[in-house]
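Next up, upload26.cif (mmCIF, C-alpha atoms):
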```cif
data_data
#
loop_
_atom_site.label_atom_id
_atom_site.label_comp_id
_atom_site.auth_asym_id
_atom_site.auth_seq_id
_atom_site.Cartn_x
_atom_site.Cartn_y
_atom_site.Cartn_z
CA MET Q 1 14.44 15.62 3.82
CA ALA Q 2 15.54 12.36 5.41
CA LYS Q 3 13.52 13.22 8.50
CA ASP Q 4 10.39 13.82 6.41
CA GLN Q 5 10.85 10.49 4.64
CA LYS Q 6 11.29 8.74 7.98
CA GLU Q 7 8.11 10.29 9.36
CA GLN Q 8 6.25 9.38 6.19
CA GLY Q 9 7.47 5.79 6.51
CA ARG Q 10 6.24 5.64 10.10
CA PHE Q 11 2.88 7.07 9.06
CA THR Q 12 2.54 4.47 6.30
CA ALA Q 13 3.51 1.66 8.66
CA LEU Q 14 0.91 2.87 11.16
CA TRP Q 15 -1.82 2.80 8.54
CA ILE Q 16 -0.78 -0.70 7.44
CA VAL Q 17 -0.93 -1.95 11.03
CA LEU Q 18 -4.35 -0.36 11.56
CA ALA Q 19 -5.63 -1.89 8.31
CA LEU Q 20 -4.41 -5.33 9.39
CA ILE Q 21 -6.10 -4.95 12.78
CA VAL Q 22 -9.38 -3.96 11.15
CA ALA Q 23 -9.15 -6.83 8.66
CA ILE Q 24 -8.44 -9.41 11.37
CA GLY Q 25 -11.21 -8.03 13.58
CA THR Q 26 -13.66 -8.16 10.68
CA TRP Q 27 -12.63 -11.72 9.86
CA ILE Q 28 -13.17 -12.77 13.48
CA PHE Q 29 -16.71 -11.43 13.78
CA ILE Q 30 -18.18 -11.46 10.27
CA THR Q 31 -20.72 -14.17 9.47
CA PRO Q 32 -21.02 -16.38 6.38
CA GLU Q 33 -24.59 -15.13 5.91
CA HIS Q 34 -23.37 -11.56 5.60
CA LEU Q 35 -20.82 -12.52 2.96
CA LEU Q 36 -23.43 -14.48 1.02
CA LYS Q 37 -25.67 -11.41 1.00
CA SER Q 38 -22.72 -9.27 -0.06
CA LEU Q 39 -21.93 -11.58 -2.97
CA ALA Q 40 -25.58 -11.66 -4.01
CA GLY Q 41 -25.77 -7.88 -3.80
CA GLU Q 42 -22.59 -7.54 -5.85
CA ARG Q 43 -24.03 -9.78 -8.55
CA ALA Q 44 -27.23 -7.74 -8.56
CA PHE Q 45 -25.24 -4.53 -9.09
CA VAL Q 46 -23.33 -6.10 -11.99
CA THR Q 47 -26.53 -7.39 -13.58
CA GLN Q 48 -28.11 -3.94 -13.39
CA LEU Q 49 -25.05 -2.23 -14.86
CA SER Q 50 -23.81 -4.71 -17.45
CA GLY Q 51 -26.49 -7.35 -17.90
CA GLN Q 52 -26.88 -10.96 -16.91
CA GLN Q 53 -24.30 -12.26 -19.39
CA ALA Q 54 -21.58 -10.17 -17.79
CA ASP Q 55 -22.53 -11.47 -14.36
CA GLN Q 56 -22.54 -15.06 -15.60
CA TRP Q 57 -19.08 -14.63 -17.14
CA ILE Q 58 -17.64 -13.09 -13.97
CA PHE Q 59 -19.36 -15.64 -11.73
CA GLY Q 60 -18.11 -18.49 -13.90
CA LYS Q 61 -14.55 -17.21 -13.59
CA MET Q 62 -14.99 -16.94 -9.84
CA ILE Q 63 -16.31 -20.49 -9.57
CA SER Q 64 -13.46 -21.86 -11.68
CA VAL Q 65 -10.99 -20.36 -9.21
CA SER Q 66 -12.94 -21.21 -6.06
CA VAL Q 67 -13.88 -24.78 -6.96
CA SER Q 68 -10.30 -25.94 -6.44
CA GLN Q 69 -10.50 -24.68 -2.87
CA ILE Q 70 -13.75 -26.45 -2.00
CA GLN Q 71 -12.07 -29.79 -1.36
CA GLY Q 72 -9.52 -28.20 0.93
CA MET Q 73 -12.29 -26.32 2.72
CA SER Q 74 -14.26 -29.53 3.22
CA ASP Q 75 -11.22 -31.28 4.66
CA ALA Q 76 -10.57 -28.36 7.00
CA ILE Q 77 -14.18 -28.42 8.21
CA LYS Q 78 -13.93 -32.16 8.86
CA ASP Q 79 -10.72 -31.65 10.82
CA ALA Q 80 -12.43 -28.93 12.85
CA LYS Q 81 -15.03 -31.44 14.06
CA ASP Q 82 -12.46 -32.78 16.49
CA THR Q 83 -12.21 -29.36 18.13
CA PRO Q 84 -13.78 -29.49 21.59
CA GLY Q 85 -16.30 -27.08 23.00
CA ALA Q 86 -17.88 -24.00 21.51
CA PHE Q 87 -14.90 -23.24 19.28
CA LYS Q 88 -15.86 -25.95 16.80
CA GLU Q 89 -18.71 -24.02 15.19
CA TRP Q 90 -16.71 -20.79 15.23
CA ILE Q 91 -13.74 -22.41 13.50
CA GLN Q 92 -15.98 -24.00 10.89
CA ASN Q 93 -17.62 -20.64 10.27
CA ARG Q 94 -14.20 -18.98 9.90
CA ILE Q 95 -13.27 -21.53 7.24
CA VAL Q 96 -16.44 -20.76 5.30
CA VAL Q 97 -15.93 -17.02 5.82
CA THR Q 98 -12.41 -17.24 4.42
CA TRP Q 99 -13.66 -19.04 1.32
CA LEU Q 100 -16.60 -16.68 0.77
CA TRP Q 101 -14.50 -13.57 1.32
CA GLY Q 102 -11.89 -14.85 -1.10
CA SER Q 103 -14.63 -15.61 -3.63
CA LEU Q 104 -15.94 -12.05 -3.31
CA VAL Q 105 -12.45 -10.68 -3.94
CA VAL Q 106 -12.03 -12.95 -6.99
CA TYR Q 107 -15.43 -11.82 -8.30
CA ARG Q 108 -14.39 -8.17 -8.08
CA VAL Q 109 -11.01 -8.85 -9.65
CA ASN Q 110 -12.73 -10.44 -12.64
CA LEU Q 111 -15.19 -7.54 -12.78
CA LEU Q 112 -12.25 -5.15 -12.91
CA MET Q 113 -10.60 -7.22 -15.64
CA LEU Q 114 -13.81 -7.23 -17.69
CA PHE Q 115 -14.07 -3.45 -17.66
CA TRP Q 116 -10.33 -3.13 -18.22
CA PHE Q 117 -10.58 -5.10 -21.46
CA ILE Q 118 -13.60 -3.02 -22.50
CA LEU Q 119 -12.02 0.34 -21.67
CA MET Q 120 -8.41 -0.55 -22.50
CA PRO Q 121 -8.49 1.08 -25.98
CA LEU Q 122 -9.76 4.31 -24.44
CA THR Q 123 -7.16 4.24 -21.67
CA ILE Q 124 -4.30 3.56 -24.10
CA ALA Q 125 -5.53 6.29 -26.45
CA VAL Q 126 -5.67 8.80 -23.60
CA ALA Q 127 -2.16 7.86 -22.45
CA ILE Q 128 -0.79 8.19 -26.00
CA ASP Q 129 -2.52 11.54 -26.37
CA GLY Q 130 -0.91 12.71 -23.14
CA TYR Q 131 2.52 11.67 -24.38
CA SER Q 132 1.91 13.34 -27.76
CA THR Q 133 0.81 16.52 -25.99
CA ARG Q 134 3.98 16.50 -23.94
CA MET Q 135 6.16 15.98 -27.05
CA ILE Q 136 4.42 18.84 -28.86
CA ARG Q 137 4.98 21.12 -25.89
CA THR Q 138 8.71 20.40 -25.93
CA PHE Q 139 8.93 22.42 -29.16
CA GLN Q 140 6.78 25.27 -27.88
CA PHE Q 141 7.70 28.24 -25.74
CA SER Q 142 5.44 27.17 -22.93
CA SER Q 143 6.07 25.83 -19.47
CA GLN Q 144 4.85 22.55 -18.09
CA SER Q 145 2.67 22.61 -15.00
CA PRO Q 146 4.26 20.79 -12.06
CA ILE Q 147 1.02 21.28 -10.13
CA ARG Q 148 -1.00 19.39 -12.74
CA HIS Q 149 1.68 16.73 -12.89
CA ARG Q 150 1.50 16.37 -9.12
CA ILE Q 151 -2.31 16.23 -9.21
CA GLY Q 152 -2.21 13.47 -11.83
CA VAL Q 153 0.21 11.39 -9.76
CA LEU Q 154 -1.86 12.00 -6.63
CA ILE Q 155 -5.11 10.96 -8.31
CA SER Q 156 -3.47 7.81 -9.68
CA THR Q 157 -2.22 6.89 -6.22
CA ILE Q 158 -5.59 7.55 -4.58
CA VAL Q 159 -7.45 5.51 -7.19
CA ILE Q 160 -5.06 2.57 -6.85
CA PHE Q 161 -5.43 2.55 -3.07
CA GLY Q 162 -9.19 3.00 -3.42
CA VAL Q 163 -9.44 0.01 -5.76
CA ALA Q 164 -7.36 -2.10 -3.36
CA ILE Q 165 -9.76 -1.23 -0.53
CA TRP Q 166 -12.81 -1.84 -2.72
CA LEU Q 167 -11.54 -5.30 -3.66
CA VAL Q 168 -11.49 -6.52 -0.06
CA LEU Q 169 -14.43 -4.71 1.52
CA PRO Q 170 -16.90 -7.40 2.65
CA MET Q 171 -20.02 -5.50 1.67
CA PRO Q 172 -21.92 -4.99 -1.58
CA LEU Q 173 -20.77 -1.90 -3.45
CA PRO Q 174 -22.00 -0.54 -6.80
CA SER Q 175 -20.04 -2.12 -9.63
CA VAL Q 176 -19.70 1.29 -11.27
CA VAL Q 177 -16.58 1.61 -9.10
CA ALA Q 178 -14.65 -0.54 -11.59
CA PRO Q 179 -15.21 1.51 -14.78
CA LEU Q 180 -14.90 4.79 -12.88
CA ALA Q 181 -11.54 3.69 -11.48
CA ILE Q 182 -10.23 2.74 -14.93
CA VAL Q 183 -11.43 6.00 -16.49
CA SER Q 184 -9.92 7.96 -13.60
CA ILE Q 185 -6.59 6.21 -14.06
CA GLY Q 186 -6.67 7.07 -17.76
CA TRP Q 187 -7.43 10.72 -17.10
CA ALA Q 188 -4.81 10.96 -14.35
CA THR Q 189 -2.24 9.32 -16.64
CA TRP Q 190 -2.93 11.94 -19.29
CA MET Q 191 -2.59 14.65 -16.67
CA TRP Q 192 0.83 13.63 -15.35
CA VAL Q 193 2.29 12.41 -18.66
CA SER Q 194 1.32 15.55 -20.56
CA ASN Q 195 2.88 17.71 -17.86
CA LEU Q 196 6.20 15.91 -17.54
CA GLN Q 197 9.10 18.32 -17.46
CA LYS Q 198 10.65 19.00 -20.85
CA ARG Q 199 14.16 18.10 -19.75
CA ILE Q 200 13.17 14.46 -19.14
#
```
Mind converting the file's structure to structure tokens?
Amino acid sequence: MAKDQKEQGRFTALWIVLALIVAIGTWIFITPEHLLKSLAGERAFVTQLSGQQADQWIFGKMISVSVSQIQGMSDAIKDAKDTPGAFKEWIQNRIVVTWLWGSLVVYRVNLLMLFWFILMPLTIAVAIDGYSTRMIRTFQFSSQSPIRHRIGVLISTIVIFGVAIWLVLPMPLPSVVAPLAIVSIGWATWMWVSNLQKRI
């Protein structure tokens, strides 16, 4: 058992290291133009799915967070002017890339929050129903399904990791990911809560 946990820890650490290498490599080579197109594409997806008002609300939240960083970014770009040689333009581009990438992440976080507030009643109702189902089953001569419980936990874990990856991917992705993730979490929560063992 301890050996399996140790191997699992090594496997997780390997994936974390690989993810960091990919992220750093992407940051080194990605261009500001690509991130601008990604942000524009993301806004287009949101407008198609939820309307222009939703996009304006999310974009306004993003700007309110990013505007405080603009001054620092401007100062960093000015400081980079003293850098000799060909590295000056690259460093200035990396500063802009960092700001744009962060803005894209903030935009998606606010998109996720918007759909969370919209779908929160449904998610809570599903979770309560799962708990009620489990309580009813405690007084019945029926067995809980550890397989379904395991599937629910597995789906929740996959969705959480998937959302984390979606938040930082520097490319436009359909905004339907956000509501689907929230609905999936709700369904998975019902699955593992309703199949908790009776002795708990």
Expanded to explicit residues, what is the PyMOL selection byres ((chain Q and resi 35) around 9) for this file, as an mmCIF file with C-alpha atoms, keeping the file's coordinate frame?
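Output saved as expr-v2.cif:
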```cif
data_model
loop_
_atom_site.group_PDB
_atom_site.id
_atom_site.type_symbol
_atom_site.label_atom_id
_atom_site.label_comp_id
_atom_site.auth_asym_id
_atom_site.auth_seq_id
_atom_site.Cartn_x
_atom_site.Cartn_y
_atom_site.Cartn_z
ATOM 1 C CA ILE Q 30 -18.180 -11.460 10.270
ATOM 2 C CA THR Q 31 -20.720 -14.170 9.470
ATOM 3 C CA PRO Q 32 -21.020 -16.380 6.380
ATOM 4 C CA GLU Q 33 -24.590 -15.130 5.910
ATOM 5 C CA HIS Q 34 -23.370 -11.560 5.600
ATOM 6 C CA LEU Q 36 -23.430 -14.480 1.020
ATOM 7 C CA LYS Q 37 -25.670 -11.410 1.000
ATOM 8 C CA SER Q 38 -22.720 -9.270 -0.060
ATOM 9 C CA LEU Q 39 -21.930 -11.580 -2.970
ATOM 10 C CA ALA Q 40 -25.580 -11.660 -4.010
ATOM 11 C CA VAL Q 97 -15.930 -17.020 5.820
ATOM 12 C CA LEU Q 100 -16.600 -16.680 0.770
ATOM 13 C CA TRP Q 101 -14.500 -13.570 1.320
ATOM 14 C CA LEU Q 104 -15.940 -12.050 -3.310
ATOM 15 C CA PRO Q 170 -16.900 -7.400 2.650
ATOM 16 C CA MET Q 171 -20.020 -5.500 1.670
ATOM 17 C CA PRO Q 172 -21.920 -4.990 -1.580
#
```
For Ala178 in chain Q, which residue among Q:Lys88, Q:Arg137, Q:Arg108, Q:Arg10 is the nearest when counting all atoms listed in the file?
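Of Q:Lys88, Q:Arg137, Q:Arg108, Q:Arg10, the one nearest Ala178 in chain Q, counting all atoms listed in the file, is Q:Arg108.
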Axis-aligned box over every listed atom of range 163-173 of chain Q, padded by 8 Å per side: centre and edges in Å to one decimal, as AutoDock Vina command-line options?
```
--center_x -14.6 --center_y -3.7 --center_z -1.6 --size_x 30.6 --size_y 23.4 --size_z 24.4
```
CA of Gly130 in chain Q and CA of Gln197 in chain Q are how many Å apart?
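Result for CA of Gly130 in chain Q versus CA of Gln197 in chain Q: 12.8 Å, one decimal.
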When you draw a straight line from CA of Gly186 in chain Q to CA of Ile124 in chain Q, how long is it in Å?
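Value for the CA of Gly186 in chain Q-CA of Ile124 in chain Q distance: 7.6 Å.
The gap separating CA of Ile155 in chain Q from CA of Ile136 in chain Q is 24.0 Å, in Å to one decimal.
Compared by their closest atoms to Gln92 in chain Q, and using all atoms listed in the file, the residues Q:Ala127, Q:Ile28, Q:Val163, Q:Ile158 rank with Q:Ile28 nearest.
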Could you write out as a PDB file with C-alpha atoms, keeping the file's coordinate frame the residues that the PyMOL selection byres ((chain Q and resi 195) around 9) matches in the shown file?
```pdb
ATOM      1  CA  GLY Q 130      -0.910  12.710 -23.140  1.00  0.00           C
ATOM      2  CA  TYR Q 131       2.520  11.670 -24.380  1.00  0.00           C
ATOM      3  CA  THR Q 133       0.810  16.520 -25.990  1.00  0.00           C
ATOM      4  CA  ARG Q 134       3.980  16.500 -23.940  1.00  0.00           C
ATOM      5  CA  ARG Q 137       4.980  21.120 -25.890  1.00  0.00           C
ATOM      6  CA  SER Q 143       6.070  25.830 -19.470  1.00  0.00           C
ATOM      7  CA  GLN Q 144       4.850  22.550 -18.090  1.00  0.00           C
ATOM      8  CA  SER Q 145       2.670  22.610 -15.000  1.00  0.00           C
ATOM      9  CA  PRO Q 146       4.260  20.790 -12.060  1.00  0.00           C
ATOM     10  CA  ILE Q 147       1.020  21.280 -10.130  1.00  0.00           C
ATOM     11  CA  ARG Q 148      -1.000  19.390 -12.740  1.00  0.00           C
ATOM     12  CA  HIS Q 149       1.680  16.730 -12.890  1.00  0.00           C
ATOM     13  CA  ARG Q 150       1.500  16.370  -9.120  1.00  0.00           C
ATOM     14  CA  GLY Q 152      -2.210  13.470 -11.830  1.00  0.00           C
ATOM     15  CA  TRP Q 190      -2.930  11.940 -19.290  1.00  0.00           C
ATOM     16  CA  MET Q 191      -2.590  14.650 -16.670  1.00  0.00           C
ATOM     17  CA  TRP Q 192       0.830  13.630 -15.350  1.00  0.00           C
ATOM     18  CA  VAL Q 193       2.290  12.410 -18.660  1.00  0.00           C
ATOM     19  CA  SER Q 194       1.320  15.550 -20.560  1.00  0.00           C
ATOM     20  CA  LEU Q 196       6.200  15.910 -17.540  1.00  0.00           C
ATOM     21  CA  GLN Q 197       9.100  18.320 -17.460  1.00  0.00           C
ATOM     22  CA  LYS Q 198      10.650  19.000 -20.850  1.00  0.00           C
TER      23      LYS Q 198
END
```
Which of these residues is nearest to Arg43 in chain Q, using only C-alpha atoms: Q:Ala19, Q:Leu173, Q:Val159, Q:Met135?
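Answer, going by the shortest atom-to-atom distance: Q:Leu173.
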Tell me which residues come within 12 Å of (-9.8, 3.3, -14.0), as a PDB file with C-alpha atoms, in the coordinates of the input, counting only C-alpha atoms in the file's coordinates.
```pdb
ATOM      1  CA  LEU Q 112     -12.250  -5.150 -12.910  1.00  0.00           C
ATOM      2  CA  MET Q 113     -10.600  -7.220 -15.640  1.00  0.00           C
ATOM      3  CA  LEU Q 114     -13.810  -7.230 -17.690  1.00  0.00           C
ATOM      4  CA  PHE Q 115     -14.070  -3.450 -17.660  1.00  0.00           C
ATOM      5  CA  TRP Q 116     -10.330  -3.130 -18.220  1.00  0.00           C
ATOM      6  CA  PHE Q 117     -10.580  -5.100 -21.460  1.00  0.00           C
ATOM      7  CA  ILE Q 118     -13.600  -3.020 -22.500  1.00  0.00           C
ATOM      8  CA  LEU Q 119     -12.020   0.340 -21.670  1.00  0.00           C
ATOM      9  CA  MET Q 120      -8.410  -0.550 -22.500  1.00  0.00           C
ATOM     10  CA  LEU Q 122      -9.760   4.310 -24.440  1.00  0.00           C
ATOM     11  CA  THR Q 123      -7.160   4.240 -21.670  1.00  0.00           C
ATOM     12  CA  ILE Q 124      -4.300   3.560 -24.100  1.00  0.00           C
ATOM     13  CA  VAL Q 126      -5.670   8.800 -23.600  1.00  0.00           C
ATOM     14  CA  ILE Q 155      -5.110  10.960  -8.310  1.00  0.00           C
ATOM     15  CA  SER Q 156      -3.470   7.810  -9.680  1.00  0.00           C
ATOM     16  CA  THR Q 157      -2.220   6.890  -6.220  1.00  0.00           C
ATOM     17  CA  ILE Q 158      -5.590   7.550  -4.580  1.00  0.00           C
ATOM     18  CA  VAL Q 159      -7.450   5.510  -7.190  1.00  0.00           C
ATOM     19  CA  ILE Q 160      -5.060   2.570  -6.850  1.00  0.00           C
ATOM     20  CA  PHE Q 161      -5.430   2.550  -3.070  1.00  0.00           C
ATOM     21  CA  GLY Q 162      -9.190   3.000  -3.420  1.00  0.00           C
ATOM     22  CA  VAL Q 163      -9.440   0.010  -5.760  1.00  0.00           C
ATOM     23  CA  VAL Q 176     -19.700   1.290 -11.270  1.00  0.00           C
ATOM     24  CA  VAL Q 177     -16.580   1.610  -9.100  1.00  0.00           C
ATOM     25  CA  ALA Q 178     -14.650  -0.540 -11.590  1.00  0.00           C
ATOM     26  CA  PRO Q 179     -15.210   1.510 -14.780  1.00  0.00           C
ATOM     27  CA  LEU Q 180     -14.900   4.790 -12.880  1.00  0.00           C
ATOM     28  CA  ALA Q 181     -11.540   3.690 -11.480  1.00  0.00           C
ATOM     29  CA  ILE Q 182     -10.230   2.740 -14.930  1.00  0.00           C
ATOM     30  CA  VAL Q 183     -11.430   6.000 -16.490  1.00  0.00           C
ATOM     31  CA  SER Q 184      -9.920   7.960 -13.600  1.00  0.00           C
ATOM     32  CA  ILE Q 185      -6.590   6.210 -14.060  1.00  0.00           C
ATOM     33  CA  GLY Q 186      -6.670   7.070 -17.760  1.00  0.00           C
ATOM     34  CA  TRP Q 187      -7.430  10.720 -17.100  1.00  0.00           C
ATOM     35  CA  ALA Q 188      -4.810  10.960 -14.350  1.00  0.00           C
ATOM     36  CA  THR Q 189      -2.240   9.320 -16.640  1.00  0.00           C
TER      37      THR Q 189
END
```
Choose the residue, out of Q:Thr12, Q:Ser103, Q:Gln69, Q:Asn110, that has the smallest atom-to-atom separation from Gln56 in chain Q; count all atoms listed in the file.
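Residue with the minimum atom-to-atom distance to Gln56 in chain Q: Q:Asn110.
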Nearest to Thr26 in chain Q, chosen from Q:Leu169, Q:Tyr107, Q:Ser66, Q:Ser50, with all atoms listed in the file counted in the distances
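Ranking Q:Leu169, Q:Tyr107, Q:Ser66, Q:Ser50 by distance to Thr26 in chain Q, first place goes to Q:Leu169.
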Between Q:Phe11, Q:Ala23, Q:Ser175, Q:Trp57, single out the one closest to Thr98 in chain Q, counting only C-alpha atoms.
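Nearest to Thr98 in chain Q: Q:Ala23.
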